[in-house]
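Trainee: Contents are mmCIF, C-alpha atoms; file name my_file_35.cif:
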```
data_structure
#
loop_
_atom_site.label_atom_id
_atom_site.label_comp_id
_atom_site.auth_asym_id
_atom_site.auth_seq_id
_atom_site.Cartn_x
_atom_site.Cartn_y
_atom_site.Cartn_z
CA MET X 941 34.93 235.13 21.88
CA ARG X 942 37.33 237.71 23.27
CA PHE X 943 39.64 235.54 25.26
CA PHE X 944 41.99 238.02 26.81
CA ALA X 945 39.93 241.18 26.88
CA ARG X 946 40.11 242.57 30.40
CA GLN X 947 36.46 243.61 30.28
CA PRO X 948 33.72 242.66 27.84
CA THR X 949 32.09 245.54 25.96
CA ASP X 950 28.69 246.78 27.07
CA SER X 951 27.09 245.62 23.83
CA ASP X 952 28.53 242.11 24.35
CA LEU X 953 27.11 242.08 27.86
CA ILE X 954 23.67 243.23 26.70
CA ALA X 955 23.64 240.62 23.94
CA GLY X 956 24.68 237.95 26.45
CA LEU X 957 21.93 238.93 28.88
CA GLU X 958 19.37 238.77 26.13
CA ALA X 959 20.67 235.40 24.97
CA GLY X 960 19.42 233.89 28.25
CA SER X 961 20.36 230.58 29.88
CA VAL X 962 23.91 230.05 31.20
CA GLN X 963 25.24 232.94 29.14
CA ARG X 964 22.84 235.28 30.95
CA ARG X 965 24.19 234.27 34.35
CA GLN X 966 27.81 234.77 33.22
CA CYS X 967 26.99 238.18 31.80
CA GLU X 968 25.19 239.19 35.01
CA ASP X 969 28.36 238.43 36.96
CA ARG X 970 30.58 240.19 34.48
CA LEU X 971 28.37 243.26 34.42
CA TYR X 972 28.50 243.34 38.22
CA GLN X 973 32.30 243.07 38.19
CA LYS X 974 32.81 245.59 35.40
CA TYR X 975 31.43 248.56 37.30
CA ALA X 976 32.11 247.33 40.86
CA TYR X 977 34.50 250.27 41.35
CA LEU X 978 31.37 252.41 41.76
CA ILE X 979 30.98 250.90 45.26
CA ALA X 980 34.06 252.63 46.59
CA ASP X 981 33.20 255.71 44.56
CA GLY X 982 29.70 255.85 46.09
CA ALA X 983 31.00 255.26 49.61
CA ARG X 984 33.35 258.23 49.23
CA LYS X 985 30.89 260.61 47.57
CA HIS X 986 27.85 259.83 49.70
CA ARG X 987 29.70 259.07 52.95
CA LEU X 988 28.03 255.69 53.17
CA GLY X 989 29.49 252.45 54.48
CA GLU X 990 31.02 250.22 51.83
CA ASP X 991 28.62 247.36 52.64
CA ASP X 992 25.62 249.66 52.23
CA CYS X 993 27.00 250.88 48.94
CA ALA X 994 27.66 247.31 47.80
CA SER X 995 24.03 246.46 48.52
CA ALA X 996 22.86 249.53 46.59
CA TYR X 997 25.18 248.58 43.75
CA SER X 998 23.81 244.99 43.65
CA ASP X 999 20.27 246.41 43.54
CA THR X 1000 21.36 248.73 40.74
CA ILE X 1001 22.76 245.92 38.62
CA LEU X 1002 19.65 243.78 39.18
CA THR X 1003 17.41 246.69 38.19
CA VAL X 1004 19.52 247.39 35.11
CA ILE X 1005 19.36 243.71 34.10
CA GLU X 1006 15.57 243.69 34.55
CA ASN X 1007 15.25 246.85 32.49
CA ILE X 1008 17.45 245.48 29.72
CA LEU X 1009 15.47 242.23 29.57
CA ALA X 1010 12.14 244.10 29.59
CA GLY X 1011 13.35 246.34 26.74
CA ARG X 1012 13.24 249.42 28.98
CA PHE X 1013 16.89 250.31 28.36
CA GLU X 1014 16.80 251.91 24.94
CA GLY X 1015 20.49 252.61 24.61
CA ARG X 1016 20.04 256.39 24.47
CA ALA X 1017 22.66 256.82 27.16
CA GLU X 1018 25.78 254.72 27.58
CA LEU X 1019 25.25 251.74 29.83
CA LYS X 1020 27.84 253.13 32.25
CA THR X 1021 25.94 256.43 32.53
CA TYR X 1022 22.67 254.57 32.98
CA ILE X 1023 24.14 252.41 35.76
CA TYR X 1024 25.73 255.44 37.41
CA GLN X 1025 22.40 257.33 37.47
CA ILE X 1026 20.46 254.43 38.96
CA PHE X 1027 23.24 253.76 41.47
CA THR X 1028 23.30 257.41 42.54
CA ASN X 1029 19.51 257.35 43.05
CA LYS X 1030 19.80 254.16 45.11
CA CYS X 1031 22.51 255.72 47.28
CA ILE X 1032 20.33 258.79 47.84
CA ASP X 1033 17.38 256.51 48.71
CA LEU X 1034 19.63 254.78 51.20
CA ILE X 1035 20.59 258.08 52.83
CA ARG X 1036 16.90 259.03 53.06
CA LYS X 1037 16.02 255.67 54.56
CA LYS X 1038 18.74 256.05 57.13
CA SER X 1039 17.70 259.58 58.03
CA THR X 1040 13.99 258.69 58.30
CA GLN X 1041 14.58 255.28 59.91
CA ARG X 1042 12.13 253.83 57.45
CA ASP X 1043 14.08 250.84 56.35
CA ARG X 1044 11.36 249.19 54.36
CA VAL X 1045 9.95 252.27 52.71
CA HIS X 1046 10.56 250.99 49.20
CA ASP X 1047 9.88 247.34 49.80
CA ALA X 1048 6.22 247.38 48.85
CA ILE X 1049 5.03 244.66 46.51
CA SER X 1050 5.50 245.77 42.94
CA LEU X 1051 3.70 243.30 40.76
CA ASP X 1052 4.82 243.32 37.18
CA ASP X 1053 2.80 244.25 34.17
CA SER X 1054 0.91 240.96 34.26
CA LEU X 1055 -1.99 242.55 36.12
CA LEU X 1056 -2.43 245.02 33.30
CA GLN X 1057 -3.31 242.15 31.02
CA LEU X 1058 -6.55 241.67 32.95
CA PRO X 1059 -9.65 243.71 32.09
CA ASP X 1060 -10.40 246.49 34.61
CA SER X 1061 -13.26 244.75 36.42
CA ALA X 1062 -11.37 241.50 36.91
CA ARG X 1063 -8.17 243.34 37.83
CA SER X 1064 -9.69 245.09 40.82
CA VAL X 1065 -10.98 241.76 42.19
CA VAL X 1066 -7.56 240.14 41.83
CA GLN X 1067 -5.78 243.21 43.20
CA GLN X 1068 -7.85 243.07 46.38
CA LEU X 1069 -6.98 239.42 46.84
CA ILE X 1070 -3.29 240.10 46.23
CA ALA X 1071 -3.37 242.85 48.85
CA GLN X 1072 -4.35 240.20 51.40
CA SER X 1073 -1.57 237.81 50.29
CA ASP X 1074 1.61 237.24 52.24
CA VAL X 1075 4.54 237.40 49.81
CA GLU X 1076 7.15 236.95 52.52
CA HIS X 1077 5.45 233.79 53.77
CA LEU X 1078 5.38 232.46 50.21
CA ARG X 1079 9.08 233.23 49.86
CA LYS X 1080 9.81 231.15 52.92
CA LEU X 1081 7.65 228.32 51.63
CA ILE X 1082 9.53 228.31 48.30
CA GLY X 1083 12.61 227.42 50.35
CA THR X 1084 10.88 224.29 51.68
CA LEU X 1085 9.99 222.89 48.26
CA GLY X 1086 13.26 221.02 47.73
CA GLU X 1087 16.20 222.15 45.63
CA LYS X 1088 14.91 221.19 42.18
CA CYS X 1089 11.47 222.74 42.69
CA ARG X 1090 13.02 225.84 44.23
CA GLU X 1091 15.41 226.31 41.30
CA MET X 1092 12.56 225.86 38.88
CA ILE X 1093 10.22 228.31 40.60
CA LEU X 1094 13.01 230.87 40.92
CA ALA X 1095 13.94 230.54 37.25
CA TRP X 1096 10.28 231.13 36.41
CA GLY X 1097 10.25 234.18 38.68
CA GLU X 1098 13.32 235.50 36.86
CA GLY X 1099 11.47 235.23 33.57
CA TYR X 1100 13.24 232.23 32.07
CA SER X 1101 11.13 230.41 29.50
CA ASP X 1102 10.27 226.72 29.86
CA GLU X 1103 12.75 225.99 27.05
CA GLU X 1104 15.52 227.67 29.06
CA ILE X 1105 14.44 225.98 32.28
CA ALA X 1106 14.52 222.61 30.50
CA ARG X 1107 18.09 223.27 29.32
CA GLN X 1108 19.32 224.51 32.69
CA LEU X 1109 17.76 221.74 34.74
CA ASN X 1110 18.18 218.91 32.26
CA TYR X 1111 14.58 218.20 31.36
CA ASN X 1112 14.00 216.50 28.04
CA THR X 1113 11.56 219.06 26.66
CA ALA X 1114 10.01 222.41 27.51
CA ALA X 1115 6.65 220.64 27.93
CA VAL X 1116 8.11 218.36 30.62
CA ALA X 1117 9.66 221.37 32.35
CA LYS X 1118 6.32 223.18 32.24
CA THR X 1119 4.45 220.22 33.76
CA SER X 1120 7.05 219.91 36.53
CA ARG X 1121 6.99 223.66 37.16
CA LEU X 1122 3.20 223.68 37.50
CA ARG X 1123 3.37 220.68 39.86
CA CYS X 1124 5.84 222.60 42.03
CA LEU X 1125 3.49 225.57 41.96
CA GLU X 1126 0.61 223.32 42.97
CA ARG X 1127 2.68 222.02 45.90
CA LEU X 1128 3.46 225.59 46.89
CA ARG X 1129 -0.24 226.41 46.84
CA ASP X 1130 -1.04 223.40 49.04
CA LEU X 1131 1.57 224.56 51.53
CA TYR X 1132 0.23 228.12 51.42
CA LYS X 1133 -3.41 227.16 52.02
CA MET O 1138 -6.16 221.38 32.13
CA ASN O 1139 -6.19 222.47 35.78
CA ASP O 1140 -6.70 226.06 36.90
CA LEU O 1141 -2.99 226.87 37.33
CA GLU O 1142 -2.17 225.64 33.85
CA ARG O 1143 -4.99 227.69 32.40
CA ILE O 1144 -3.79 230.76 34.31
CA ASP O 1145 -0.20 230.13 33.23
CA ASP O 1146 -1.30 229.86 29.61
CA TYR O 1147 -3.31 233.07 29.97
CA PHE O 1148 -0.41 235.14 31.29
CA SER O 1149 2.01 233.58 28.80
CA GLY O 1150 -0.32 234.52 25.93
CA ARG O 1151 -0.89 230.88 24.99
CA LEU O 1152 -4.68 230.84 25.36
CA PRO O 1153 -6.67 231.16 22.13
CA VAL O 1154 -8.71 234.39 21.82
CA GLU O 1155 -12.09 232.83 22.61
CA GLU O 1156 -10.71 230.97 25.59
CA ARG O 1157 -9.10 234.22 26.83
CA ALA O 1158 -12.42 236.04 26.75
CA ARG O 1159 -14.09 233.16 28.63
CA PHE O 1160 -11.30 233.21 31.20
CA GLU O 1161 -11.66 236.96 31.77
CA SER O 1162 -15.42 236.85 32.22
CA SER O 1163 -15.19 233.84 34.60
CA LEU O 1164 -12.79 235.83 36.74
CA GLU O 1165 -15.52 238.28 37.68
CA THR O 1166 -17.90 235.59 38.89
CA ASP O 1167 -15.71 232.65 39.88
CA SER O 1168 -14.09 233.53 43.21
CA ALA O 1169 -11.99 230.33 43.25
CA LEU O 1170 -10.47 231.26 39.89
CA ALA O 1171 -9.81 234.82 41.09
CA GLU O 1172 -8.08 233.45 44.17
CA ALA O 1173 -5.99 231.12 42.02
CA VAL O 1174 -4.94 234.07 39.83
CA ALA O 1175 -4.03 236.10 42.92
CA PHE O 1176 -1.97 233.16 44.21
CA TYR O 1177 -0.27 232.70 40.83
CA LEU O 1178 0.78 236.36 40.59
CA THR O 1179 1.83 236.58 44.24
CA ALA O 1180 3.85 233.37 43.94
CA ARG O 1181 5.63 234.75 40.91
CA GLN O 1182 6.40 237.94 42.80
CA ALA O 1183 7.69 235.87 45.73
CA ALA O 1184 9.82 233.82 43.34
CA GLN O 1185 11.16 237.00 41.76
CA ASN O 1186 12.04 238.43 45.18
CA GLU O 1187 13.71 235.19 46.24
CA ALA O 1188 15.67 234.98 42.97
CA ARG O 1189 16.73 238.59 43.44
CA ALA O 1190 17.95 237.83 46.95
CA ASP O 1191 19.88 234.83 45.60
CA ARG O 1192 21.54 236.93 42.94
CA LYS O 1193 22.41 239.64 45.46
CA ALA O 1194 24.09 236.98 47.58
CA ARG O 1195 25.96 235.76 44.49
CA PHE O 1196 27.15 239.31 43.76
CA GLU O 1197 28.26 239.67 47.38
CA THR O 1198 30.34 236.49 46.99
CA LEU O 1199 31.89 237.94 43.83
CA ARG O 1200 32.75 241.10 45.73
CA GLU O 1201 34.37 239.13 48.54
CA GLU O 1202 36.33 237.02 46.06
CA SER O 1203 37.65 239.96 44.09
CA GLY O 1204 38.33 242.22 47.09
CA PRO O 1205 37.73 245.97 47.07
CA VAL O 1206 37.65 247.43 43.58
CA ARG O 1207 38.49 251.06 43.18
CA GLN O 1208 38.75 253.37 40.23
CA LEU O 1209 41.73 255.53 40.83
CA PRO O 1210 41.80 259.26 40.11
CA ALA O 1211 44.09 260.54 37.37
CA ARG O 1212 46.76 261.68 39.85
CA ALA O 1213 46.92 258.23 41.32
CA TRP O 1214 47.28 256.73 37.84
CA LEU O 1215 50.18 259.10 37.14
CA ALA O 1216 51.82 258.17 40.42
CA MET O 1217 51.35 254.51 39.62
CA ALA O 1218 52.80 254.95 36.14
CA ALA O 1219 55.82 256.72 37.59
CA SER O 1220 56.27 253.98 40.16
CA ALA O 1221 55.96 251.34 37.46
CA MET O 1222 58.70 253.05 35.46
CA LEU O 1223 60.88 253.09 38.53
CA ILE O 1224 60.23 249.45 39.22
CA LEU O 1225 61.00 248.64 35.59
CA GLY O 1226 64.29 250.47 35.84
CA LEU O 1227 65.35 249.01 39.16
CA GLY O 1228 63.80 245.61 39.02
CA GLY O 1229 64.16 244.62 35.39
CA TYR O 1230 65.87 241.45 36.41
CA TRP O 1231 62.85 240.28 38.32
CA LEU O 1232 60.45 241.22 35.55
CA PHE O 1233 62.39 239.08 33.14
CA GLN O 1234 62.60 236.09 35.40
CA ARG O 1235 61.28 233.12 33.50
CA GLN O 1236 58.38 232.36 35.84
CA THR O 1237 56.66 235.72 35.61
CA PRO O 1238 53.45 236.06 37.58
CA SER O 1239 51.78 237.72 34.62
CA ALA O 1240 51.91 234.49 32.61
CA ALA O 1241 50.25 232.56 35.43
CA GLU O 1242 47.73 235.36 35.83
CA MET O 1243 46.95 235.27 32.15
CA ALA O 1244 46.42 231.52 32.38
CA ASP O 1245 44.17 232.09 35.38
CA GLN O 1246 42.19 234.74 33.57
CA TYR O 1247 41.80 232.53 30.54
CA ILE O 1248 40.64 229.58 32.63
CA HIS O 1249 38.21 231.75 34.58
CA GLN O 1250 36.75 233.36 31.48
CA ASN O 1251 36.45 230.26 29.37
CA PHE O 1252 36.12 227.29 31.61
CA SER O 1253 33.97 228.53 34.50
CA GLN O 1254 30.93 227.55 32.48
CA LEU O 1255 30.79 225.12 29.57
CA PRO O 1256 28.30 225.26 26.72
CA THR O 1257 25.49 222.74 26.96
CA GLN O 1258 23.70 221.06 24.10
CA MET O 1259 20.63 222.91 22.91
CA ASN O 1260 18.61 219.85 21.92
CA GLY O 1261 17.60 218.99 25.47
CA GLN O 1262 19.14 215.51 25.35
CA THR O 1263 20.43 214.28 28.67
CA ASP O 1264 23.26 211.82 28.23
CA SER O 1265 26.02 211.26 30.78
CA LEU O 1266 28.25 213.83 29.14
CA GLN O 1267 25.56 216.51 29.40
CA ALA O 1268 24.81 215.49 32.97
CA GLY O 1269 28.53 215.90 33.75
CA ILE O 1270 28.57 219.31 32.08
CA ALA O 1271 25.52 220.34 34.11
CA ARG O 1272 27.32 219.33 37.32
CA TYR O 1273 30.43 221.17 36.15
CA ASN O 1274 28.44 224.34 35.49
CA LYS O 1275 26.95 224.12 38.97
CA GLY O 1276 30.46 223.99 40.41
CA GLU O 1277 30.10 220.34 41.44
CA LEU O 1278 33.50 219.52 40.01
CA PRO O 1279 34.30 216.23 41.82
CA GLU O 1280 30.93 214.79 40.75
CA ALA O 1281 31.46 216.03 37.19
CA GLY O 1282 34.97 214.52 37.21
CA ALA O 1283 33.58 211.15 38.32
CA ILE O 1284 31.11 211.14 35.41
CA PHE O 1285 33.78 212.03 32.83
CA ASN O 1286 36.26 209.48 34.20
CA ASP O 1287 33.56 206.83 34.15
CA LEU O 1288 32.87 207.66 30.50
CA LEU O 1289 36.58 207.38 29.78
CA GLN O 1290 36.81 204.00 31.46
CA ARG O 1291 34.04 202.74 29.25
CA ASN O 1292 35.48 204.35 26.16
CA PRO O 1293 39.08 205.60 26.43
CA ALA O 1294 38.80 207.02 22.90
CA ASP O 1295 36.07 209.49 23.89
CA ASP O 1296 37.88 212.76 23.16
CA ARG O 1297 35.15 214.98 24.61
CA ALA O 1298 35.17 213.11 27.93
CA ARG O 1299 39.00 213.26 27.88
CA LYS O 1300 38.98 217.03 27.43
CA LEU O 1301 36.33 217.53 30.12
CA ALA O 1302 38.09 215.23 32.60
CA GLY O 1303 41.23 217.30 31.96
CA LEU O 1304 39.37 220.55 32.58
CA VAL O 1305 37.98 219.24 35.88
CA ALA O 1306 41.49 218.20 36.93
CA LEU O 1307 42.84 221.62 35.88
CA ARG O 1308 40.21 223.52 37.83
CA THR O 1309 40.63 221.38 40.94
CA GLY O 1310 44.40 221.86 40.94
CA GLN O 1311 45.25 218.27 39.94
CA TYR O 1312 47.69 219.48 37.35
CA ASN O 1313 49.52 216.18 36.78
CA GLN O 1314 46.25 214.46 35.90
CA ALA O 1315 45.20 217.38 33.72
CA ILE O 1316 48.51 217.30 31.83
CA ASP O 1317 48.14 213.55 31.33
CA HIS O 1318 44.63 213.97 29.87
CA PHE O 1319 45.57 216.87 27.60
CA HIS O 1320 48.76 215.17 26.47
CA ARG O 1321 46.83 212.06 25.47
CA LEU O 1322 44.28 214.24 23.72
CA SER O 1323 47.03 216.03 21.79
CA GLU O 1324 48.31 212.67 20.49
CA ARG O 1325 45.06 212.04 18.68
CA THR O 1326 45.46 212.62 14.96
CA ASP O 1327 41.89 211.82 13.95
CA LEU O 1328 40.21 214.91 15.36
CA PHE O 1329 39.03 217.86 13.31
CA ALA O 1330 40.10 220.27 16.04
CA ASN O 1331 42.41 219.31 18.84
CA PRO O 1332 42.97 221.72 21.74
CA GLY O 1333 45.20 219.21 23.59
CA LEU O 1334 48.54 220.98 23.16
CA PHE O 1335 47.16 224.39 24.02
CA LEU O 1336 45.42 223.09 27.14
CA GLU O 1337 48.56 221.26 28.23
CA ALA O 1338 50.53 224.50 27.85
CA LEU O 1339 47.93 226.33 29.91
CA THR O 1340 48.09 223.70 32.65
CA ARG O 1341 51.88 223.88 32.77
CA LEU O 1342 51.69 227.65 33.19
CA LYS O 1343 49.38 227.06 36.15
CA ARG O 1344 51.49 224.27 37.68
CA GLY O 1345 54.66 226.35 37.53
CA GLN O 1346 57.24 223.60 38.13
CA PRO O 1347 60.86 224.39 37.11
CA ASP O 1348 60.63 223.20 33.49
CA ASP O 1349 56.97 224.06 32.97
CA LEU O 1350 57.46 227.53 31.58
CA ARG O 1351 59.95 226.34 28.98
CA GLU O 1352 57.71 223.39 28.09
CA ALA O 1353 54.67 225.64 27.85
CA GLU O 1354 56.57 227.98 25.55
CA THR O 1355 57.54 225.10 23.26
CA LEU O 1356 53.98 223.79 23.20
CA LEU O 1357 52.53 227.23 22.43
CA LYS O 1358 55.03 227.68 19.59
CA THR O 1359 53.94 224.32 18.17
CA VAL O 1360 50.28 225.36 18.41
CA ILE O 1361 51.09 228.55 16.47
CA GLU O 1362 53.35 226.88 13.88
CA GLN O 1363 50.93 224.04 13.20
CA ASN O 1364 47.90 226.33 13.30
CA LEU O 1365 46.20 224.17 15.93
CA GLU O 1366 43.19 225.04 18.06
CA GLY O 1367 44.04 227.86 20.47
CA LYS O 1368 46.49 229.54 18.04
CA THR O 1369 45.15 233.07 18.58
CA GLU O 1370 45.27 232.73 22.35
CA ALA O 1371 48.69 231.09 22.16
CA GLU O 1372 50.03 234.13 20.28
CA VAL O 1373 48.79 236.42 23.05
CA LEU O 1374 50.14 234.20 25.81
CA ILE O 1375 53.56 233.73 24.31
CA GLU O 1376 54.11 237.46 24.20
CA LYS O 1377 53.70 237.48 27.97
CA LEU O 1378 56.27 234.77 28.61
#
```
Before anything else, please render the file you have as structure tokens.

Mentor:
Amino acid sequence: MRFFARQPTDSDLIAGLEAGSVQRRQCEDRLYQKYAYLIADGARKHRLGEDDCASAYSDTILTVIENILAGRFEGRAELKTYIYQIFTNKCIDLIRKKSTQRDRVHDAISLDDSLLQLPDSARSVVQQLIAQSDVEHLRKLIGTLGEKCREMILAWGEGYSDEEIARQLNYNTAAVAKTSRLRCLERLRDLYK
Amino acid sequence: MNDLERIDDYFSGRLPVEERARFESSLETDSALAEAVAFYLTARQAAQNEARADRKARFETLREESGPVRQLPARAWLAMAASAMLILGLGGYWLFQRQTPSAAEMADQYIHQNFSQLPTQMNGQTDSLQAGIARYNKGELPEAGAIFNDLLQRNPADDRARKLAGLVALRTGQYNQAIDHFHRLSERTDLFANPGLFLEALTRLKRGQPDDLREAETLLKTVIEQNLEGKTEAEVLIEKL
């Protein structure tokens, strides 16, 4: 452990993110803090408000984390360069949104690769049903599940395994965490019906 | 196995091959199953969006806590360096005052980096100590402190509870209590590794009472001389005093 290093190295941060659990959360925060100077930089270069830039920067870090965890960051560029490029694109998107007044232009549902696991014929059936679903309503309902269920469902949404969920939320085993998670999901479905 | 469990197993790759094929063909004919799959995937997307919003809020809090962060251009760095030299020349007396802010800052940085989150046991056991650590990691420090103090009441020789109770006291600004815990910990001679002295020194740097800096210096020197836990960090800290 590097006790007095002012900033952790990028490789330490990537390893920490991939390690999961509590370490992942710490590394997320540290990654955010490490390049937070880009907010002021972006505000100056793109003539955006600092709050707008901060939001774009948060989105950038979350995207970078998702890409690292999904193995989409291959380390060909330095992490700083990678973050800078994504952040610049997000700032430009923000300028476009502001100029076209289309605030929610990029907020369409982007389901992950799970759908691709389904064979073509089944996928189109499921896709049609998903198109009729109300994600925002489900988001609100997640908030009514109670703290423990909410934490569990969110951890699942973030891609934590049942082993990690068990450790974070003090369940005895991954199997117990899985059963509880599915019960919470069942309750969510009952509320959604 | 209910439908959600079967769907969960399918998307987690836990269904055996034959069962997978059966699942996929049922999807085309069983509308209830298709609806359940659509719900499952939409719920996960909703959970992902909600988690993302939570993390954005957490980042926003970090930003507010740390204030505006700016990377200065080279000219500004030069100007700052020149100013620093000037300050060094004119204000040397202040820089060499015994209670330098940099020592307290270093202590702060160390505490933030190492004691904001504590490692939890990987075996999934949930005893009181682990429950206390879980509370601690959630930032529920008074509750965590109550658990550790309760453990100590039942067994005053519990060195882990002693250390954790001290850390809670340190992080909640109850420095006298923290020093008491760490001092008692340092008196134990039966431990393989004892961070008591180092933690007491750290707490004294934070408390900053008149004799604390001198005391902390003495303690850090002892940690280094006796090769106790925290030696490497003590060597860095002592250079700043």

Trainee: Written as a PyMOL selection string, which residues does the PyMOL selection byres ((chain X) within 6 of (chain O)) give for the file shown?

Mentor: chain X and resi 977+980+998+1062+1066+1069-1070+1075+1079+1094+1097-1098+1107+1112

Trainee: Go ahead and write the residues just picked, C-alpha atoms, as a PDB file, keeping the file's coordinate frame.

Mentor:
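Output file selection_36.pdb follows:
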```
ATOM      1  CA  TYR X 977      34.500 250.270  41.350  1.00  0.00           C
ATOM      2  CA  ALA X 980      34.060 252.630  46.590  1.00  0.00           C
ATOM      3  CA  SER X 998      23.810 244.990  43.650  1.00  0.00           C
ATOM      4  CA  ALA X1062     -11.370 241.500  36.910  1.00  0.00           C
ATOM      5  CA  VAL X1066      -7.560 240.140  41.830  1.00  0.00           C
ATOM      6  CA  LEU X1069      -6.980 239.420  46.840  1.00  0.00           C
ATOM      7  CA  ILE X1070      -3.290 240.100  46.230  1.00  0.00           C
ATOM      8  CA  VAL X1075       4.540 237.400  49.810  1.00  0.00           C
ATOM      9  CA  ARG X1079       9.080 233.230  49.860  1.00  0.00           C
ATOM     10  CA  LEU X1094      13.010 230.870  40.920  1.00  0.00           C
ATOM     11  CA  GLY X1097      10.250 234.180  38.680  1.00  0.00           C
ATOM     12  CA  GLU X1098      13.320 235.500  36.860  1.00  0.00           C
ATOM     13  CA  ARG X1107      18.090 223.270  29.320  1.00  0.00           C
ATOM     14  CA  ASN X1112      14.000 216.500  28.040  1.00  0.00           C
TER      15      ASN X1112
END
```

Trainee: Tell me, in Å to one decimal, how far atom CA of Phe1027 of chain X is from atom CA of Gly1015 of chain X.

Mentor: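 Taking atom CA of Phe1027 of chain X as the start and atom CA of Gly1015 of chain X as the end point, the length is 17.1 Å.
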
Trainee: By how many Å are atom CA of Asn1331 of chain O and atom CA of Leu1365 of chain O apart?

Mentor: 6.8 Å

Trainee: Counting all atoms listed in the file, what is within 12 Å of Leu978 of chain X, bar same-chain residues fewer than 4 positions away, as a ChimeraX atom specification?

Mentor: /X:972-974,982-986,990,993-998,1000-1001,1020-1021,1023-1028,1031 /O:1205-1209

Trainee: Give as a ChimeraX atom specification the residues that the PyMOL selection byres ((chain O and resi 1286) around 12) matches when applied to the coordinates above.

Mentor: /O:1265-1266,1269,1278-1285,1287-1306,1314-1315,1318

Trainee: Mind pulling up the distance from atom CA of His1249 of chain O to atom CA of Arg1308 of chain O?

Mentor: 9.1 Å

Trainee: Find the axis-aligned box for segment 990-997 of chain X, covering all its listed atoms and adding 6 Å on each side, and write its centre and edge lengths in Å to one decimal as JSON.

Mentor:
```
{"center_x": 26.9, "center_y": 248.7, "center_z": 48.2, "size_x": 20.2, "size_y": 16.4, "size_z": 20.9}
```

Trainee: Nearest to Asp1349 of chain O among O:Ala1371, O:Leu1328, O:Ile1144, O:Ile1316, with distances taken over all atoms listed in the file: which residue is it?

Mentor: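 With all atoms listed in the file as the atom set, the closest residue is O:Ile1316.
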
Trainee: For the PyMOL selection byres ((chain X and resi 1105) around 12), applied here, can you spell out every residue it catches as a PyMOL selection string?

Mentor: (chain X and resi 960-962+1088-1089+1091-1104+1106-1121) or (chain O and resi 1259+1261)

Trainee: Pop segment 1214-1226 of chain O out of the structure in the block and write N, CA and C atoms as a PDB file, in the first residue's frame.

Mentor:
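Saved to result_21.pdb:
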```pdb
ATOM      1  N   TRP O1214       2.594  27.807 -12.381  1.00  0.00           N
ATOM      2  CA  TRP O1214       3.469  27.009 -11.508  1.00  0.00           C
ATOM      3  C   TRP O1214       4.758  27.781 -11.197  1.00  0.00           C
ATOM      4  N   LEU O1215       5.306  28.429 -12.232  1.00  0.00           N
ATOM      5  CA  LEU O1215       6.541  29.199 -12.024  1.00  0.00           C
ATOM      6  C   LEU O1215       6.305  30.319 -11.015  1.00  0.00           C
ATOM      7  N   ALA O1216       5.161  30.996 -11.199  1.00  0.00           N
ATOM      8  CA  ALA O1216       4.845  32.099 -10.290  1.00  0.00           C
ATOM      9  C   ALA O1216       4.689  31.573  -8.870  1.00  0.00           C
ATOM     10  N   MET O1217       4.045  30.407  -8.777  1.00  0.00           N
ATOM     11  CA  MET O1217       3.856  29.830  -7.443  1.00  0.00           C
ATOM     12  C   MET O1217       5.187  29.440  -6.820  1.00  0.00           C
ATOM     13  N   ALA O1218       6.075  28.873  -7.661  1.00  0.00           N
ATOM     14  CA  ALA O1218       7.380  28.459  -7.145  1.00  0.00           C
ATOM     15  C   ALA O1218       8.144  29.675  -6.638  1.00  0.00           C
ATOM     16  N   ALA O1219       8.074  30.762  -7.440  1.00  0.00           N
ATOM     17  CA  ALA O1219       8.774  31.987  -7.035  1.00  0.00           C
ATOM     18  C   ALA O1219       8.198  32.513  -5.722  1.00  0.00           C
ATOM     19  N   SER O1220       6.874  32.489  -5.632  1.00  0.00           N
ATOM     20  CA  SER O1220       6.238  32.962  -4.399  1.00  0.00           C
ATOM     21  C   SER O1220       6.648  32.098  -3.216  1.00  0.00           C
ATOM     22  N   ALA O1221       6.710  30.782  -3.475  1.00  0.00           N
ATOM     23  CA  ALA O1221       7.075  29.869  -2.389  1.00  0.00           C
ATOM     24  C   ALA O1221       8.472  30.177  -1.880  1.00  0.00           C
ATOM     25  N   MET O1222       9.387  30.467  -2.841  1.00  0.00           N
ATOM     26  CA  MET O1222      10.761  30.805  -2.450  1.00  0.00           C
ATOM     27  C   MET O1222      10.768  32.067  -1.584  1.00  0.00           C
ATOM     28  N   LEU O1223       9.955  33.014  -2.008  1.00  0.00           N
ATOM     29  CA  LEU O1223       9.876  34.270  -1.270  1.00  0.00           C
ATOM     30  C   LEU O1223       9.356  34.031   0.144  1.00  0.00           C
ATOM     31  N   ILE O1224       8.306  33.211   0.190  1.00  0.00           N
ATOM     32  CA  ILE O1224       7.716  32.927   1.507  1.00  0.00           C
ATOM     33  C   ILE O1224       8.730  32.208   2.386  1.00  0.00           C
ATOM     34  N   LEU O1225       9.480  31.279   1.738  1.00  0.00           N
ATOM     35  CA  LEU O1225      10.504  30.552   2.506  1.00  0.00           C
ATOM     36  C   LEU O1225      11.525  31.522   3.087  1.00  0.00           C
ATOM     37  N   GLY O1226      11.946  32.467   2.237  1.00  0.00           N
ATOM     38  CA  GLY O1226      12.943  33.430   2.677  1.00  0.00           C
ATOM     39  C   GLY O1226      12.428  34.314   3.801  1.00  0.00           C
TER      40      GLY O1226
END
```
